[in-house]
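Colleague: My structure file entry_37.cif, mmCIF, C-alpha atoms, is below:
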data_protein
loop_
_atom_site.label_atom_id
_atom_site.label_comp_id
_atom_site.auth_asym_id
_atom_site.auth_seq_id
_atom_site.Cartn_x
_atom_site.Cartn_y
_atom_site.Cartn_z
CA MET T 14 0.00 0.00 0.00
CA THR T 15 1.49 3.33 -1.04
CA PRO T 16 0.95 5.96 1.69
CA PRO T 17 -0.22 9.43 0.66
CA PRO T 18 2.40 12.17 0.56
CA PRO T 19 3.04 13.90 3.90
CA PRO T 20 1.01 17.07 4.53
CA PRO T 21 2.69 20.38 3.69
CA PRO T 22 4.43 22.24 6.53
CA PRO T 23 2.31 24.55 8.72
CA ALA T 24 3.36 27.69 6.88
CA ALA T 25 2.02 26.27 3.60
CA GLN T 26 -1.23 25.13 5.21
CA ALA T 27 -2.09 28.44 6.83
CA ASP T 28 -4.13 29.73 3.87
CA HIS T 29 -5.91 26.42 3.31
CA ARG T 30 -7.25 25.61 6.76
CA ARG T 31 -10.94 25.34 7.60
CA THR T 32 -12.09 24.88 11.18
CA PHE T 33 -15.59 23.70 12.12
CA PRO T 34 -16.90 23.99 15.70
CA PRO T 35 -18.28 20.84 17.35
CA SER T 36 -21.94 20.01 16.87
CA PRO T 37 -23.56 18.70 20.08
CA GLU T 38 -26.41 17.12 18.12
CA THR T 39 -26.58 15.90 14.53
CA SER T 40 -29.47 15.98 12.13
CA GLY T 41 -29.15 12.42 10.89
CA PRO T 42 -27.19 10.86 8.04
CA ALA T 43 -25.79 12.68 5.02
CA THR T 44 -28.52 14.05 2.74
CA THR T 45 -26.78 15.22 -0.44
CA TRP T 46 -25.61 12.81 -3.10
CA TRP T 47 -21.99 13.81 -2.56
CA GLY T 48 -22.27 13.38 1.23
CA LYS T 49 -23.79 9.93 0.67
CA ALA T 50 -21.04 9.14 -1.86
CA TRP T 51 -18.41 9.94 0.79
CA VAL T 52 -20.14 7.56 3.23
CA ALA T 53 -20.41 4.87 0.54
CA ALA T 54 -16.69 5.20 -0.22
CA LEU T 55 -15.84 4.91 3.50
CA GLU T 56 -18.03 1.84 3.98
CA ALA T 57 -16.65 0.18 0.83
CA LEU T 58 -13.08 0.61 2.11
CA SER T 59 -13.78 -0.59 5.67
CA LEU T 60 -13.37 -4.22 6.70
CA ASP T 61 -15.33 -4.04 9.96
CA PRO T 62 -19.04 -2.99 9.87
CA ALA T 63 -19.20 -3.17 13.69
CA ARG T 64 -16.59 -0.43 14.09
CA LEU T 65 -18.44 1.68 11.52
CA ALA T 66 -21.67 1.27 13.48
CA ARG T 67 -19.97 2.38 16.72
CA GLY T 68 -18.42 5.32 14.89
CA HIS T 69 -21.81 6.29 13.45
CA ALA T 70 -23.30 6.24 16.96
CA TYR T 71 -20.45 8.40 18.29
CA ALA T 72 -21.03 10.95 15.50
CA ASP T 73 -24.79 10.99 16.18
CA ALA T 74 -24.14 11.53 19.90
CA GLY T 75 -21.95 14.59 19.23
CA HIS T 76 -18.67 13.01 20.36
CA VAL T 77 -16.65 14.69 17.58
CA ASP T 78 -15.10 17.97 18.72
CA THR T 79 -13.75 20.80 16.55
CA ILE T 80 -12.75 19.56 13.07
CA THR T 81 -9.75 21.04 11.25
CA VAL T 82 -9.46 20.44 7.50
CA THR T 83 -6.24 21.10 5.54
CA PRO T 84 -5.11 19.77 2.16
CA GLY T 85 -4.93 16.00 2.40
CA ARG T 86 -5.83 15.85 6.08
CA VAL T 87 -8.74 16.01 8.57
CA VAL T 88 -8.05 16.12 12.32
CA ALA T 89 -10.43 16.16 15.31
CA TYR T 90 -10.54 14.99 18.91
CA VAL T 91 -13.22 12.35 19.48
CA ARG T 92 -14.59 11.60 22.91
CA GLY T 93 -15.15 7.94 23.75
CA SER T 94 -15.96 6.20 27.01
CA ARG T 95 -13.00 7.81 28.81
CA ALA T 96 -12.79 11.41 30.00
CA ARG T 97 -9.74 12.11 27.84
CA PRO T 98 -10.48 12.35 24.09
CA TYR T 99 -8.50 10.62 21.33
CA ARG T 100 -7.11 12.39 18.27
CA ALA T 101 -8.49 10.94 15.03
CA ASP T 102 -6.67 11.70 11.79
CA LEU T 103 -7.76 11.11 8.17
CA ARG T 104 -5.20 11.45 5.36
CA LEU T 105 -6.10 11.62 1.67
CA ARG T 106 -3.92 11.73 -1.41
CA THR T 107 -3.79 15.25 -2.88
CA LEU T 108 -4.09 15.66 -6.64
CA ALA T 109 -1.13 16.56 -8.83
CA ASP T 110 -1.16 19.78 -10.89
CA ASP T 111 -1.77 17.80 -14.10
CA ASP T 112 -4.83 16.15 -12.55
CA TRP T 113 -6.16 19.55 -11.50
CA ASP T 114 -5.69 20.92 -15.03
CA THR T 115 -7.58 17.96 -16.46
CA PHE T 116 -10.40 18.38 -13.97
CA LEU T 117 -10.71 22.16 -14.35
CA ASP T 118 -10.56 22.08 -18.16
CA ALA T 119 -13.35 19.51 -18.32
CA ALA T 120 -15.46 21.31 -15.71
CA ALA T 121 -15.12 24.65 -17.55
CA GLU T 122 -16.42 23.07 -20.76
CA HIS T 123 -19.93 23.21 -19.32
CA PRO T 124 -21.22 26.56 -17.94
CA ALA T 125 -23.82 24.64 -15.95
CA HIS T 126 -21.02 23.12 -13.88
CA LEU T 127 -19.70 26.55 -12.91
CA GLU T 128 -23.21 27.77 -12.06
CA ALA T 129 -23.81 24.73 -9.86
CA LEU T 130 -20.50 25.16 -8.03
CA LEU T 131 -21.25 28.83 -7.40
CA ALA T 132 -24.57 27.69 -5.89
CA LYS T 133 -22.64 25.41 -3.48
CA THR T 134 -23.75 22.18 -5.11
CA MET T 135 -21.65 19.47 -6.72
CA PRO T 136 -22.67 18.58 -10.32
CA GLN T 137 -23.05 14.82 -10.44
CA ALA T 138 -21.66 14.83 -13.99
CA LEU T 139 -18.25 15.71 -12.54
CA LEU T 140 -18.09 12.16 -11.14
CA ASP T 141 -19.66 10.37 -14.13
CA PRO T 142 -17.40 7.38 -14.97
CA ASP T 143 -17.96 8.05 -18.70
CA SER T 144 -16.78 11.66 -18.47
CA PRO T 145 -13.19 12.91 -19.00
CA LEU T 146 -12.96 13.31 -15.22
CA SER T 147 -13.25 9.59 -14.42
CA ASP T 148 -9.46 9.37 -13.91
CA VAL T 149 -9.44 12.34 -11.51
CA PRO T 150 -11.02 10.98 -8.30
CA LEU T 151 -12.46 13.44 -5.81
CA LEU T 152 -13.83 10.86 -3.38
CA PRO T 153 -11.73 8.01 -1.91
CA ALA T 154 -11.67 5.13 -4.36
CA THR T 155 -8.96 2.76 -3.10
CA ALA T 156 -7.63 1.61 0.27
CA GLY T 157 -4.53 3.75 -0.20
CA ASP T 158 -6.62 6.83 -0.93
CA LEU T 159 -8.00 7.28 2.60
CA LEU T 160 -5.76 6.39 5.55
CA PRO T 161 -7.38 6.75 9.00
CA SER T 162 -5.39 6.76 12.23
CA CYS T 163 -6.12 7.41 15.90
CA THR T 164 -4.29 7.69 19.21
CA CYS T 165 -6.54 5.02 20.75
CA PRO T 166 -5.14 1.48 21.21
CA ASP T 167 -7.53 -0.04 18.61
CA ALA T 168 -5.59 -1.03 15.45
CA GLY T 169 -8.74 -1.16 13.26
CA ARG T 170 -8.80 0.77 9.98
CA PRO T 171 -10.81 2.74 10.79
CA CYS T 172 -11.35 2.48 14.54
CA LYS T 173 -14.67 3.77 15.90
CA HIS T 174 -13.19 7.22 16.62
CA ALA T 175 -11.84 7.68 13.09
CA ALA T 176 -15.12 6.31 11.70
CA ALA T 177 -17.05 8.90 13.74
CA LEU T 178 -14.87 11.62 12.21
CA CYS T 179 -15.56 10.22 8.71
CA TYR T 180 -19.33 10.34 9.26
CA GLN T 181 -19.11 13.89 10.62
CA VAL T 182 -17.09 14.94 7.54
CA ALA T 183 -19.97 13.66 5.37
CA ARG T 184 -22.31 16.08 7.15
CA LEU T 185 -19.86 18.92 6.62
CA LEU T 186 -19.76 18.03 2.92
CA ASP T 187 -23.56 18.33 2.85
CA GLU T 188 -23.19 21.98 3.82
CA ASP T 189 -20.09 22.78 1.76
CA PRO T 190 -19.11 20.49 -1.15
CA PHE T 191 -15.98 22.60 -1.71
CA LEU T 192 -14.42 20.67 1.19
CA VAL T 193 -13.95 17.82 -1.30
CA PHE T 194 -11.58 20.06 -3.28
CA LEU T 195 -9.73 21.19 -0.14
CA LEU T 196 -9.22 17.57 0.89
CA ARG T 197 -7.63 16.99 -2.52
CA GLY T 198 -5.35 20.01 -2.25
CA ARG T 199 -7.05 23.24 -3.35
CA ASP T 200 -9.44 25.58 -1.59
CA GLU T 201 -12.66 27.19 -2.77
CA ARG T 202 -11.05 30.43 -3.92
CA GLU T 203 -8.46 28.63 -6.03
CA ILE T 204 -11.11 26.47 -7.73
CA LEU T 205 -13.44 29.37 -8.50
CA ASP T 206 -10.60 31.61 -9.72
CA ALA T 207 -9.30 28.86 -12.00
CA LEU T 208 -12.77 28.17 -13.43
CA SER T 209 -13.43 31.90 -13.86
CA ARG T 210 -10.18 32.33 -15.83
CA ARG T 211 -11.04 29.41 -18.08
CA ASN T 212 -14.60 30.68 -18.53
CA ALA T 213 -13.33 34.17 -19.40
CA ALA T 214 -10.93 32.74 -21.97
CA ARG T 215 -13.78 30.80 -23.59
CA THR T 216 -16.06 33.82 -23.57
CA ALA T 217 -13.42 36.02 -25.21
CA THR T 218 -13.32 33.70 -28.22
CA GLU T 219 -17.09 33.77 -28.76
CA THR T 220 -19.06 36.54 -30.53
CA ARG T 221 -22.30 37.30 -28.82
CA GLU T 222 -24.90 40.02 -28.98
CA PRO T 223 -24.91 41.94 -25.72
CA PRO T 224 -28.00 41.05 -23.72
CA SER T 225 -30.75 43.59 -23.36
CA VAL T 226 -30.59 44.86 -19.79
CA PRO T 227 -33.19 47.24 -18.37
CA ALA T 228 -31.49 50.49 -17.36
CA ILE T 229 -32.33 53.67 -15.52
CA GLY T 230 -30.46 56.95 -15.42
CA ALA T 231 -28.33 57.67 -12.34
CA ARG T 232 -30.07 60.99 -11.62
CA GLU T 233 -33.49 59.37 -11.77
CA ALA T 234 -32.36 56.43 -9.63
CA LEU T 235 -31.11 58.72 -6.88
CA GLU T 236 -34.27 60.79 -6.62
CA GLN T 237 -35.63 60.53 -3.10
CA ALA T 238 -39.09 59.52 -4.31
CA ARG T 239 -37.77 56.56 -6.29
CA LEU T 240 -34.90 55.40 -4.11
CA PRO T 241 -36.82 53.16 -1.66
CA GLY T 242 -38.35 51.12 -4.46
CA LEU T 243 -34.98 50.57 -6.14
CA LEU T 244 -33.04 49.18 -3.20
CA PRO T 245 -32.07 45.53 -3.76
CA ALA T 246 -33.18 42.81 -1.40
CA PRO T 247 -30.64 42.06 1.35
CA LEU T 248 -28.21 39.25 0.64
CA PRO T 249 -28.88 35.95 2.44
CA PRO T 250 -26.56 35.20 5.37
CA PRO T 251 -23.62 32.90 4.61
CA ALA T 252 -23.96 29.22 5.46
CA HIS T 253 -21.05 29.29 7.91
CA PRO T 254 -18.64 31.81 9.49
CA GLY T 255 -15.84 33.06 7.27
CA THR T 256 -12.28 31.82 7.57
CA PRO T 257 -9.94 34.38 9.21
CA PRO T 258 -6.73 35.38 7.45
CA SER T 259 -3.40 33.87 8.42
CA TYR T 260 -1.14 36.00 10.59
CA PRO T 261 2.64 36.04 10.21
CA GLN T 262 5.09 35.48 13.02
CA THR T 263 6.68 38.93 13.31
CA ARG T 264 9.02 40.13 16.01
CA GLY T 265 7.20 42.47 18.39
CA ALA T 266 3.76 41.58 16.94
CA PRO T 267 1.01 39.77 18.88
CA ASP T 268 1.10 35.99 18.92
CA PRO T 269 -0.41 34.82 15.59
CA LEU T 270 -2.17 31.88 17.28
CA ALA T 271 -3.83 34.24 19.76
CA LEU T 272 -4.94 36.50 16.90
CA ASP T 273 -6.31 33.48 15.07
CA HIS T 274 -8.33 32.46 18.15
CA LEU T 275 -9.77 35.97 18.50
CA ALA T 276 -10.59 36.33 14.80
CA THR T 277 -12.23 32.89 14.59
CA ASP T 278 -14.29 33.53 17.72
CA ALA T 279 -15.38 36.96 16.44
CA ALA T 280 -16.45 35.43 13.10
CA ILE T 281 -18.55 32.77 14.86
CA ARG T 282 -20.18 35.38 17.12
CA ALA T 283 -20.95 37.66 14.17
CA HIS T 284 -22.45 34.81 12.16
CA THR T 285 -24.64 33.72 15.08
CA LEU T 286 -25.81 37.29 15.66
CA LEU T 287 -26.58 37.70 11.97
CA THR T 288 -28.55 34.46 11.65
CA THR T 289 -30.34 34.38 15.03
CA GLY T 290 -30.36 37.98 16.23
CA ALA T 291 -28.87 36.92 19.57
CA ASP T 292 -25.35 37.40 20.90
CA PRO T 293 -24.16 33.93 22.00
CA ILE T 294 -22.06 35.28 24.87
CA ALA T 295 -24.45 37.88 26.25
CA GLY T 296 -24.61 37.52 30.02
CA LEU T 297 -21.61 35.19 30.38
CA THR T 298 -19.16 35.77 33.22
CA PRO T 299 -15.43 36.09 32.37
CA TRP T 300 -14.90 32.49 33.55
CA GLN T 301 -17.79 31.17 31.43
CA ASP T 302 -16.51 33.07 28.41
CA ALA T 303 -12.98 31.71 28.92
CA VAL T 304 -14.36 28.17 29.09
CA ARG T 305 -16.43 28.78 25.95
CA ILE T 306 -13.34 29.98 24.03
CA ALA T 307 -11.25 27.01 25.18
CA ALA T 308 -14.06 24.54 24.37
CA ALA T 309 -14.13 25.74 20.75
CA GLN T 310 -10.56 24.48 20.26
CA PRO T 311 -9.69 20.81 19.64
CA GLY T 312 -8.50 18.73 22.57
CA SER T 313 -8.26 19.69 26.23
CA GLY T 314 -5.04 21.67 26.37
CA LEU T 315 -3.06 18.75 24.96
CA THR T 316 -1.56 20.36 21.85
CA ALA T 317 1.06 23.13 21.77
CA ALA T 318 -1.50 25.63 20.48
CA THR T 319 -4.12 24.83 23.12
CA ARG T 320 -1.54 24.66 25.90
CA SER T 321 -0.63 28.26 25.14
CA LEU T 322 -4.31 29.25 25.10
CA TYR T 323 -5.06 27.42 28.36
CA THR T 324 -2.05 29.04 30.04
CA SER T 325 -3.09 32.57 29.06
CA LEU T 326 -6.74 32.06 30.05
CA THR T 327 -5.99 30.47 33.43
CA ARG T 328 -3.31 33.04 34.29
CA ALA T 329 -5.77 35.89 33.59
CA LEU T 330 -8.49 34.35 35.80
CA GLY T 331 -6.39 32.82 38.59
CA ARG T 332 -7.38 29.25 37.72
CA THR T 333 -5.37 26.11 36.95
CA PRO T 334 -5.17 24.33 33.58
CA THR T 335 -6.78 21.25 35.17
CA GLU T 336 -9.75 23.32 36.33
CA LEU T 337 -10.10 24.71 32.82
CA ALA T 338 -9.86 21.25 31.21
CA LYS T 339 -12.66 19.98 33.49
CA ALA T 340 -14.76 23.05 32.75
CA VAL T 341 -14.24 22.55 29.01
CA ALA T 342 -15.47 18.95 29.31
CA ALA T 343 -18.58 20.24 31.13
CA TRP T 344 -19.18 22.99 28.55
CA ARG T 345 -19.06 20.46 25.71
CA GLN T 346 -21.55 18.40 27.67
CA GLY T 347 -24.16 21.14 27.90
CA GLY T 348 -22.87 24.72 27.83
CA ALA T 349 -23.29 27.14 30.73
CA THR T 350 -25.88 24.92 32.44
CA ALA T 351 -23.48 21.96 32.54
CA LEU T 352 -20.73 24.24 33.84
CA GLU T 353 -23.01 25.22 36.73
CA ILE T 354 -23.58 21.50 37.48
CA LEU T 355 -19.79 21.03 37.65
CA ASP T 356 -19.24 23.84 40.16
CA GLU T 357 -22.37 24.11 42.32
CA PRO T 358 -24.17 21.25 44.14
CA TRP T 359 -27.79 22.03 45.06
CA ASP T 360 -30.80 20.40 46.76
CA PRO T 361 -33.29 19.15 44.15
CA PRO T 362 -36.94 18.24 44.82
CA ALA T 363 -37.38 14.69 46.07
CA GLY T 364 -39.73 13.43 43.30
CA PRO T 365 -37.57 13.14 40.16
CA PHE T 366 -34.45 12.44 42.21
CA ASP T 367 -36.01 9.48 44.06
CA ARG T 368 -37.61 8.10 40.89
CA ALA T 369 -34.21 8.06 39.19
CA ARG T 370 -32.65 6.05 42.00
CA SER T 371 -35.52 3.55 41.93
CA ALA T 372 -35.25 3.19 38.14
CA LEU T 373 -31.55 2.42 38.39
CA LEU T 374 -32.16 -0.26 41.04
CA ALA T 375 -35.02 -1.78 39.05
CA LEU T 376 -32.74 -2.30 36.06
CA GLY T 377 -30.08 -4.05 38.10
CA HIS T 378 -27.63 -1.22 38.60
CA GLN T 379 -25.79 -1.13 41.92
CA ASP T 380 -27.10 1.08 44.66
CA PHE T 381 -26.29 4.75 44.05
CA ARG T 382 -25.56 6.81 47.16
CA PRO T 383 -27.41 10.16 47.15
CA SER T 384 -25.73 13.41 48.16
CA ARG T 385 -27.63 16.62 47.38
CA ASN T 386 -28.14 16.53 43.55
CA ARG T 387 -25.67 13.67 43.01
CA LEU T 388 -25.97 9.88 42.83
CA THR T 389 -22.65 8.01 43.15
CA ALA T 390 -21.74 4.34 42.70
CA GLY T 391 -18.12 3.24 42.26
CA ARG T 392 -16.44 5.27 39.54
CA PHE T 393 -19.71 6.59 38.08
CA GLN T 394 -21.77 9.57 39.18
CA LEU T 395 -25.01 11.15 37.95
CA ARG T 396 -25.77 14.81 38.67
CA TYR T 397 -29.25 16.29 38.41
CA GLY T 398 -29.45 19.77 36.90
CA ARG T 399 -31.86 22.62 37.46
CA ASP T 400 -32.92 22.12 33.84
CA GLY T 401 -34.32 18.65 34.69
CA LEU T 402 -31.54 16.80 32.85
CA TRP T 403 -29.05 14.25 34.18
CA TYR T 404 -25.31 14.73 33.60
CA GLY T 405 -22.82 11.86 33.67
CA TYR T 406 -19.47 11.93 35.49
CA GLU T 407 -16.74 9.36 35.97
CA SER T 408 -13.57 9.00 38.02
CA ASP T 409 -10.74 6.51 38.38
CA SER T 410 -11.40 3.80 40.94
CA GLY T 411 -10.70 5.00 44.47
CA SER T 412 -10.37 8.62 43.35
CA ASP T 413 -12.63 11.59 44.00
CA ASP T 414 -11.53 13.39 40.82
CA TRP T 415 -14.82 13.57 38.85
CA TRP T 416 -14.82 14.45 35.12
CA PRO T 417 -17.89 15.10 32.94
CA GLY T 418 -18.50 12.38 30.36
CA GLY T 419 -21.08 11.44 27.76
CA ALA T 420 -24.14 13.51 26.90
CA ALA T 421 -26.85 14.91 29.18
CA GLY T 422 -30.38 13.51 28.99
CA ASN T 423 -33.77 13.07 30.65
CA ASP T 424 -33.24 9.36 31.34
CA PRO T 425 -30.58 8.66 34.02
CA VAL T 426 -30.27 5.02 32.89
CA HIS T 427 -29.42 6.09 29.33
CA VAL T 428 -26.94 8.71 30.57
CA LEU T 429 -25.25 6.03 32.69
CA ASP T 430 -25.08 3.64 29.71
CA LEU T 431 -23.21 6.31 27.70
CA LEU T 432 -20.47 6.29 30.35
CA ARG T 433 -19.92 2.53 30.29
#
Go ahead and render the structure in this file as structure tokens.
Modeller:
Amino acid sequence: MTPPPPPPPPAAQADHRRTFPPSPETSGPATTWWGKAWVAALEALSLDPARLARGHAYADAGHVDTITVTPGRVVAYVRGSRARPYRADLRLRTLADDDWDTFLDAAAEHPAHLEALLAKTMPQALLDPDSPLSDVPLLPATAGDLLPSCTCPDAGRPCKHAAALCYQVARLLDEDPFLVFLLRGRDEREILDALSRRNAARTATETREPPSVPAIGAREALEQARLPGLLPAPLPPPAHPGTPPSYPQTRGAPDPLALDHLATDAAIRAHTLLTTGADPIAGLTPWQDAVRIAAAQPGSGLTAATRSLYTSLTRALGRTPTELAKAVAAWRQGGATALEILDEPWDPPAGPFDRARSALLALGHQDFRPSRNRLTAGRFQLRYGRDGLWYGYESDSGSDDWWPGGAAGNDPVHVLDLLR
């Protein structure tokens, strides 16, 4: 098996990186034909349907954290049954320049292809086996085309964590088919610019009558009485936040990674405000906002980039990196409400709390000891929130170091099962 070429160095990837925040809940399987084609390619290359099924369940349960896509590579941290996440990594072979020229020339032959790509859809003819593009694969076609890896001890290809990342990528492809091109080596701007140049060259060689376009004089258009009726409809909001620029490492300048964090966070806030009319951080305390920023990054302070971020946030707020890592795990479990469950025990009403304990006993689970809003048995703990949901926690045997795990839910038995 010939491995794909190594990814380009960080400096070369800076302009081609896309980062997608974690999605706590998914909307089901891929819906577009290209998203389904990605899933079909994954399942055709896998030798273990059971691992795929576990990976699909992990993706549906929101276990995949922030996803970073660069040419030939997809990386994300995936949370399993343990408190510490694993890093899943997908590598794809990038296309050579000659392959790109073949693909772009054939795509530019049909104006409908360019129109479809501008509308964020993938023309199915671009993958027709009878077309000139049949030798230029966009989706994985062979075992050497898609190489999954993971930091977990499972040697499966893919393991359940890498499979979860693959299924989540299919959902990202539903929203933005241009990710297929980025995975093969070129970003959206490069593709559109190349197609536009080819389209302009074709247009310049054709003789056409200029189209008849309704016109109005500038003076008449600017008259106060006519102006309101001539204003165009507002543009629709973009499907996702924009990608921030890359920042150079310059002596005396701010840390480029810190600038990238700030710019990415500002873009996400602006997009949320534009599409929902609500500021996502309105009313947050400085600690809650720091946890929110850290939770948007992959991992739990394990990489060099996140270690720097965790250090700066904890130093500013007088906290420790371990406290921040725990808070991040809680935030990913359920936002500000889950963070409150981590920090503040409270006395819940007896009804739902007692019913939960009885339900656990009825299903054969060992006796859970109650303490305020918490039920504890061995290395597992369930915490009841003011929102009426149960939140799972786990700790090493004999330790009182509790970490949030799994997803919150109405059924304490189901929440416990997610921890096991």
Colleague: What residues come out when you apply the PyMOL selection byres ((chain T and resi 107-122) around 6) to this file, written as a list in words?
Modeller: Gly85, Arg106, His123, Leu146, Arg197, Gly198 and Leu208 of chain T
Colleague: Could you write out as lines of an AutoDock Vina configuration file the box around range 395-400 of chain T (axis-aligned, all atoms listed in the file, 3 Å on each side), with centre and edge lengths in Å to one decimal?
Modeller:
center_x = -29.0
center_y = 16.9
center_z = 36.3
size_x = 13.9
size_y = 17.5
size_z = 10.8
Colleague: Which residues are near range 412-418 of chain T? Cut-off 7 Å, only C-alpha atoms, ignore same chain within fewer than 3 positions. Put them as a list of chain:residue names.
Modeller: T:Ala96, T:Lys339, T:Ala342, T:Ala343, T:Gly405, T:Tyr406, T:Glu407, T:Ser408, T:Asp409, T:Leu432
Colleague: Go ahead and compute the interatomic distance for CA of Pro98 in chain T and CA of Trp51 in chain T, in Å to one decimal.
Modeller: 24.7 Å
Colleague: Between T:Leu337, T:Asp424, T:Gly348, T:Gly419, which is the closest to Phe366 in chain T once you count only C-alpha atoms?
Modeller: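 So, comparing all the options, the nearest one is T:Asp424.
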Colleague: T:Gln301, T:Thr256, T:Asn212, T:Thr81: which is nearest Thr350 in chain T, counting only C-alpha atoms?
Modeller: T:Gln301
Colleague: Go ahead and compute the interatomic distance for CA of Ala340 in chain T and CA of Ile306 in chain T, in Å to one decimal.
Modeller: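 One can read the CA of Ala340 in chain T to CA of Ile306 in chain T distance as 11.2 Å.
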Colleague: For a quick check of your reading of the model, name the residues lying within 8 Å of the coordinate (-16.4, 28.3, 27.4), counting only C-alpha atoms, and write them as a list in words.
Modeller: Trp300, Gln301, Asp302, Ala303, Val304, Arg305, Ile306, Ala307, Ala308, Ala309, Ala340, Val341, Trp344, Gly348 and Ala349 of chain T
Colleague: Go ahead and save the picked residues with C-alpha atoms, as a PDB file, in the frame of the given file.
Modeller:
ATOM      1  CA  TRP T 300     -14.900  32.490  33.550  1.00  0.00           C
ATOM      2  CA  GLN T 301     -17.790  31.170  31.430  1.00  0.00           C
ATOM      3  CA  ASP T 302     -16.510  33.070  28.410  1.00  0.00           C
ATOM      4  CA  ALA T 303     -12.980  31.710  28.920  1.00  0.00           C
ATOM      5  CA  VAL T 304     -14.360  28.170  29.090  1.00  0.00           C
ATOM      6  CA  ARG T 305     -16.430  28.780  25.950  1.00  0.00           C
ATOM      7  CA  ILE T 306     -13.340  29.980  24.030  1.00  0.00           C
ATOM      8  CA  ALA T 307     -11.250  27.010  25.180  1.00  0.00           C
ATOM      9  CA  ALA T 308     -14.060  24.540  24.370  1.00  0.00           C
ATOM     10  CA  ALA T 309     -14.130  25.740  20.750  1.00  0.00           C
ATOM     11  CA  ALA T 340     -14.760  23.050  32.750  1.00  0.00           C
ATOM     12  CA  VAL T 341     -14.240  22.550  29.010  1.00  0.00           C
ATOM     13  CA  TRP T 344     -19.180  22.990  28.550  1.00  0.00           C
ATOM     14  CA  GLY T 348     -22.870  24.720  27.830  1.00  0.00           C
ATOM     15  CA  ALA T 349     -23.290  27.140  30.730  1.00  0.00           C
TER      16      ALA T 349
END
Colleague: Can you pull out every residue within 8 Å of Ala252 in chain T, counting all atoms listed in the file, but drop anything in the same chain fewer than 2 positions away, and send it as a PyMOL selection string?
Modeller: chain T and resi 188+250+254
Colleague: Residues picked by the PyMOL selection byres ((chain T and resi 372-382) around 12) here, as a PDB file with C-alpha atoms, in the coordinates of the input?
Modeller:
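The resulting file, part-v9.pdb, is reproduced below:
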ATOM      1  CA  PRO T 365     -37.570  13.140  40.160  1.00  0.00           C
ATOM      2  CA  PHE T 366     -34.450  12.440  42.210  1.00  0.00           C
ATOM      3  CA  ASP T 367     -36.010   9.480  44.060  1.00  0.00           C
ATOM      4  CA  ARG T 368     -37.610   8.100  40.890  1.00  0.00           C
ATOM      5  CA  ALA T 369     -34.210   8.060  39.190  1.00  0.00           C
ATOM      6  CA  ARG T 370     -32.650   6.050  42.000  1.00  0.00           C
ATOM      7  CA  SER T 371     -35.520   3.550  41.930  1.00  0.00           C
ATOM      8  CA  PRO T 383     -27.410  10.160  47.150  1.00  0.00           C
ATOM      9  CA  SER T 384     -25.730  13.410  48.160  1.00  0.00           C
ATOM     10  CA  ARG T 385     -27.630  16.620  47.380  1.00  0.00           C
ATOM     11  CA  ASN T 386     -28.140  16.530  43.550  1.00  0.00           C
ATOM     12  CA  ARG T 387     -25.670  13.670  43.010  1.00  0.00           C
ATOM     13  CA  LEU T 388     -25.970   9.880  42.830  1.00  0.00           C
ATOM     14  CA  THR T 389     -22.650   8.010  43.150  1.00  0.00           C
ATOM     15  CA  ALA T 390     -21.740   4.340  42.700  1.00  0.00           C
ATOM     16  CA  GLY T 391     -18.120   3.240  42.260  1.00  0.00           C
ATOM     17  CA  ARG T 392     -16.440   5.270  39.540  1.00  0.00           C
ATOM     18  CA  PHE T 393     -19.710   6.590  38.080  1.00  0.00           C
ATOM     19  CA  GLN T 394     -21.770   9.570  39.180  1.00  0.00           C
ATOM     20  CA  LEU T 395     -25.010  11.150  37.950  1.00  0.00           C
ATOM     21  CA  ARG T 396     -25.770  14.810  38.670  1.00  0.00           C
ATOM     22  CA  ASP T 424     -33.240   9.360  31.340  1.00  0.00           C
ATOM     23  CA  PRO T 425     -30.580   8.660  34.020  1.00  0.00           C
ATOM     24  CA  VAL T 426     -30.270   5.020  32.890  1.00  0.00           C
ATOM     25  CA  HIS T 427     -29.420   6.090  29.330  1.00  0.00           C
ATOM     26  CA  VAL T 428     -26.940   8.710  30.570  1.00  0.00           C
ATOM     27  CA  LEU T 429     -25.250   6.030  32.690  1.00  0.00           C
ATOM     28  CA  ASP T 430     -25.080   3.640  29.710  1.00  0.00           C
ATOM     29  CA  ARG T 433     -19.920   2.530  30.290  1.00  0.00           C
TER      30      ARG T 433
END
Colleague: Quick one, how far is CA of His174 in chain T from CA of Thr134 in chain T?
Modeller: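 One can read the CA of His174 in chain T to CA of Thr134 in chain T distance as 28.4 Å.
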Colleague: Please list as a list in words every residue within 10 Å of His253 in chain T, counting all atoms listed in the file and excluding residues in the same chain fewer than 6 positions away.
Modeller: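 In the requested format, the answer is Phe33, Glu188, Asp189, Ala280, Ile281, His284, Thr285 and Thr288 of chain T.
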Colleague: Evaluate the PyMOL selection byres ((chain T and resi 201) around 12) here and jot the selected residues down as a list in words.
Modeller: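 For this structure, the PyMOL selection byres ((chain T and resi 201) around 12) captures Asp28, His29, Arg30, Arg31, Pro84, Leu130, Leu131, Lys133, Asp189, Pro190, Phe191, Leu192, Val193, Phe194, Leu195, Leu196, Arg197, Gly198, Arg199, Asp200, Arg202, Glu203, Ile204, Leu205, Asp206, Ala207, Leu208 and Thr256 of chain T.
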Colleague: Between T:Ala70, T:Leu330, T:Ala101, T:Leu159, which is the closest to Leu431 in chain T once you count all atoms listed in the file?
Modeller: T:Ala70
Colleague: Got a sec to check which residues sit within 10 Å of (-10.0, 10.1, 22.5), counting only C-alpha atoms, and write them as a list in words?
Modeller: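 Every polymer residue passing the test: His76, Val77, Ala89, Tyr90, Val91, Arg92, Gly93, Ser94, Arg95, Ala96, Arg97, Pro98, Tyr99, Arg100, Ala101, Cys163, Thr164, Cys165, Pro166, His174, Ala175 and Gly312 of chain T.
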